[in-house]
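**Student:** One structure, pasted below without further comment.
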Amino acid sequence: MKRTDYKLLAAQAKSLVEDVPHFIANLANISALIYDSLDDLNWAGFYLLQGDKLILGPFQGKVACVEIPLGKGVCGTAAGSDTTQLVPDVHLFEGHIACDSASRSEIVVPIHFRGDLVGVLDIDSPSKDRFSEEDREGLEKMVSLLEEMEVFGA
């Protein structure tokens, strides 16, 4: 598996959304960029916070769960704790929600708009142990850059 150039990925994401005032279109393009840029994925996209639930947003991949309660599953845990979740084997994650039974590993990064949690970036792989600390750091930096650009505001 090739290494991801996260500096390049962040620059590409920035150029995709710079001066584009369309929230949903930006999320759609970012999910497509991630899906096409990282190896060995079966899902990449966003869940957006509405009340005490995460609601399915723009994504690339197989069909997905529409609603996830805060604190439930990997996405709900990331949102509820406001911390990135890097899960080597989702079948060992207590409370995992199997939206796609082919998913084996997952990384979920909380996203913010003006300091408030607004959702999560969720990325799944059909391979166990797909995501590393390098992936965590690279994705968190990319999300931070996009937060600074206020991409995640509706």
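By convention here, the chains of the structure tokens are called A, B, ... in the order presented, each chain's residues are numbered starting at 1, and ligands are numbered starting at 1 in the order presented.
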Please identify the strand (DSSP E) residues within stretch 75-120 of chain A (assignment by DSSP from backbone atoms) and present them as a PyMOL selection string.
**Tutor:** chain A and resi 85-87+105-113+116-120
**Student:** Store the residues of this selection in a file with N, CA, C and O atoms, as a CSV table (one decimal), in the first residue's frame.
**Tutor:**
```
chain,number,residue,atom,x,y,z
A,85,GLN,N,-11.1,8.9,16.6
A,85,GLN,CA,-11.1,7.5,16.9
A,85,GLN,C,-10.4,6.8,15.8
A,85,GLN,O,-10.8,6.9,14.6
A,86,LEU,N,-9.3,6.0,16.1
A,86,LEU,CA,-8.6,5.2,15.2
A,86,LEU,C,-8.8,3.8,15.6
A,86,LEU,O,-8.4,3.4,16.7
A,87,VAL,N,-9.6,3.0,14.9
A,87,VAL,CA,-10.0,1.7,15.3
A,87,VAL,C,-9.4,0.6,14.3
A,87,VAL,O,-9.8,0.5,13.2
A,105,SER,N,-11.7,-1.7,9.5
A,105,SER,CA,-11.1,-0.7,10.3
A,105,SER,C,-11.7,0.7,9.9
A,105,SER,O,-12.3,0.8,8.9
A,106,GLU,N,-11.4,1.6,10.8
A,106,GLU,CA,-12.1,2.9,10.7
A,106,GLU,C,-11.3,4.0,11.4
A,106,GLU,O,-10.7,3.8,12.4
A,107,ILE,N,-11.4,5.2,10.8
A,107,ILE,CA,-10.9,6.4,11.5
A,107,ILE,C,-11.9,7.5,11.4
A,107,ILE,O,-12.5,7.7,10.3
A,108,VAL,N,-12.2,8.2,12.5
A,108,VAL,CA,-13.2,9.2,12.5
A,108,VAL,C,-12.6,10.5,13.2
A,108,VAL,O,-12.1,10.4,14.3
A,109,VAL,N,-12.7,11.6,12.5
A,109,VAL,CA,-12.1,12.8,13.0
A,109,VAL,C,-13.3,13.8,13.2
A,109,VAL,O,-14.0,14.2,12.3
A,110,PRO,N,-13.4,14.4,14.4
A,110,PRO,CA,-14.4,15.4,14.7
A,110,PRO,C,-14.1,16.7,13.9
A,110,PRO,O,-13.0,17.0,13.6
A,111,ILE,N,-15.2,17.4,13.4
A,111,ILE,CA,-15.0,18.6,12.7
A,111,ILE,C,-15.8,19.7,13.4
A,111,ILE,O,-16.8,19.5,14.0
A,112,HIS,N,-15.3,20.9,13.2
A,112,HIS,CA,-15.8,22.1,14.0
A,112,HIS,C,-16.1,23.3,13.0
A,112,HIS,O,-15.4,23.4,12.0
A,113,PHE,N,-17.0,24.1,13.4
A,113,PHE,CA,-17.2,25.4,12.8
A,113,PHE,C,-17.3,26.5,13.9
A,113,PHE,O,-18.1,26.4,14.8
A,116,ASP,N,-17.4,25.1,17.4
A,116,ASP,CA,-18.5,24.2,17.8
A,116,ASP,C,-18.4,22.9,17.0
A,116,ASP,O,-18.2,23.0,15.8
A,117,LEU,N,-18.6,21.8,17.6
A,117,LEU,CA,-18.6,20.5,16.9
A,117,LEU,C,-19.8,20.5,15.9
A,117,LEU,O,-20.9,20.9,16.3
A,118,VAL,N,-19.6,20.2,14.7
A,118,VAL,CA,-20.7,20.2,13.7
A,118,VAL,C,-20.8,18.8,13.0
A,118,VAL,O,-21.7,18.6,12.2
A,119,GLY,N,-19.9,17.9,13.2
A,119,GLY,CA,-19.9,16.6,12.6
A,119,GLY,C,-18.6,15.9,12.7
A,119,GLY,O,-17.7,16.2,13.5
A,120,VAL,N,-18.5,14.8,11.8
A,120,VAL,CA,-17.3,14.0,11.8
A,120,VAL,C,-17.0,13.7,10.3
A,120,VAL,O,-17.9,13.5,9.5
```
**Student:** Apply DSSP to the backbone of this structure and, from stretch 45-121 of chain A, keep only the residues in alpha helix (DSSP H); write these as a short mmCIF file (atom, residue, chain, number, x, y, z; two decimals) with N, CA, C and O atoms, in the first residue's frame.
**Tutor:**
```cif
data_model
loop_
_atom_site.label_atom_id
_atom_site.label_comp_id
_atom_site.auth_asym_id
_atom_site.auth_seq_id
_atom_site.Cartn_x
_atom_site.Cartn_y
_atom_site.Cartn_z
N GLY A 73 -21.47 3.74 18.47
CA GLY A 73 -20.60 3.41 17.36
C GLY A 73 -19.34 4.25 17.36
O GLY A 73 -19.09 5.06 18.26
N VAL A 74 -18.51 4.07 16.33
CA VAL A 74 -17.25 4.80 16.25
C VAL A 74 -17.52 6.28 15.99
O VAL A 74 -16.92 7.16 16.62
N CYS A 75 -18.44 6.58 15.06
CA CYS A 75 -18.73 7.98 14.75
C CYS A 75 -19.35 8.70 15.94
O CYS A 75 -18.95 9.81 16.28
N GLY A 76 -20.33 8.08 16.57
CA GLY A 76 -20.98 8.70 17.72
C GLY A 76 -20.04 8.87 18.90
O GLY A 76 -20.14 9.85 19.64
N THR A 77 -19.08 7.94 19.05
CA THR A 77 -18.08 8.06 20.11
C THR A 77 -17.14 9.22 19.82
O THR A 77 -16.81 10.01 20.71
N ALA A 78 -16.70 9.35 18.55
CA ALA A 78 -15.82 10.47 18.18
C ALA A 78 -16.51 11.79 18.43
O ALA A 78 -15.92 12.72 18.98
N ALA A 79 -17.78 11.89 18.02
CA ALA A 79 -18.52 13.14 18.22
C ALA A 79 -18.79 13.39 19.69
O ALA A 79 -18.61 14.50 20.19
N GLY A 80 -19.22 12.36 20.41
CA GLY A 80 -19.55 12.52 21.82
C GLY A 80 -18.36 12.90 22.69
O GLY A 80 -18.49 13.65 23.65
N SER A 81 -17.19 12.39 22.34
CA SER A 81 -15.97 12.68 23.10
C SER A 81 -15.15 13.81 22.48
O SER A 81 -14.20 14.28 23.09
#
```
**Student:** Nearest residue to A:Ser103 out of A:Ala64, A:Leu139, A:Val20, A:Met149, using only C-alpha atoms?
**Tutor:**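 Nearest candidate to A:Ser103 out of A:Ala64, A:Leu139, A:Val20, A:Met149: A:Ala64.
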**Student:** Name the closest residue to A:Asn42 among the candidates A:Glu18, A:Glu133, A:Asp122, A:Glu150; distances are taken between atoms, counting only C-alpha atoms.
**Tutor:**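 Among the listed residues, A:Asp122 lies closest to A:Asn42.
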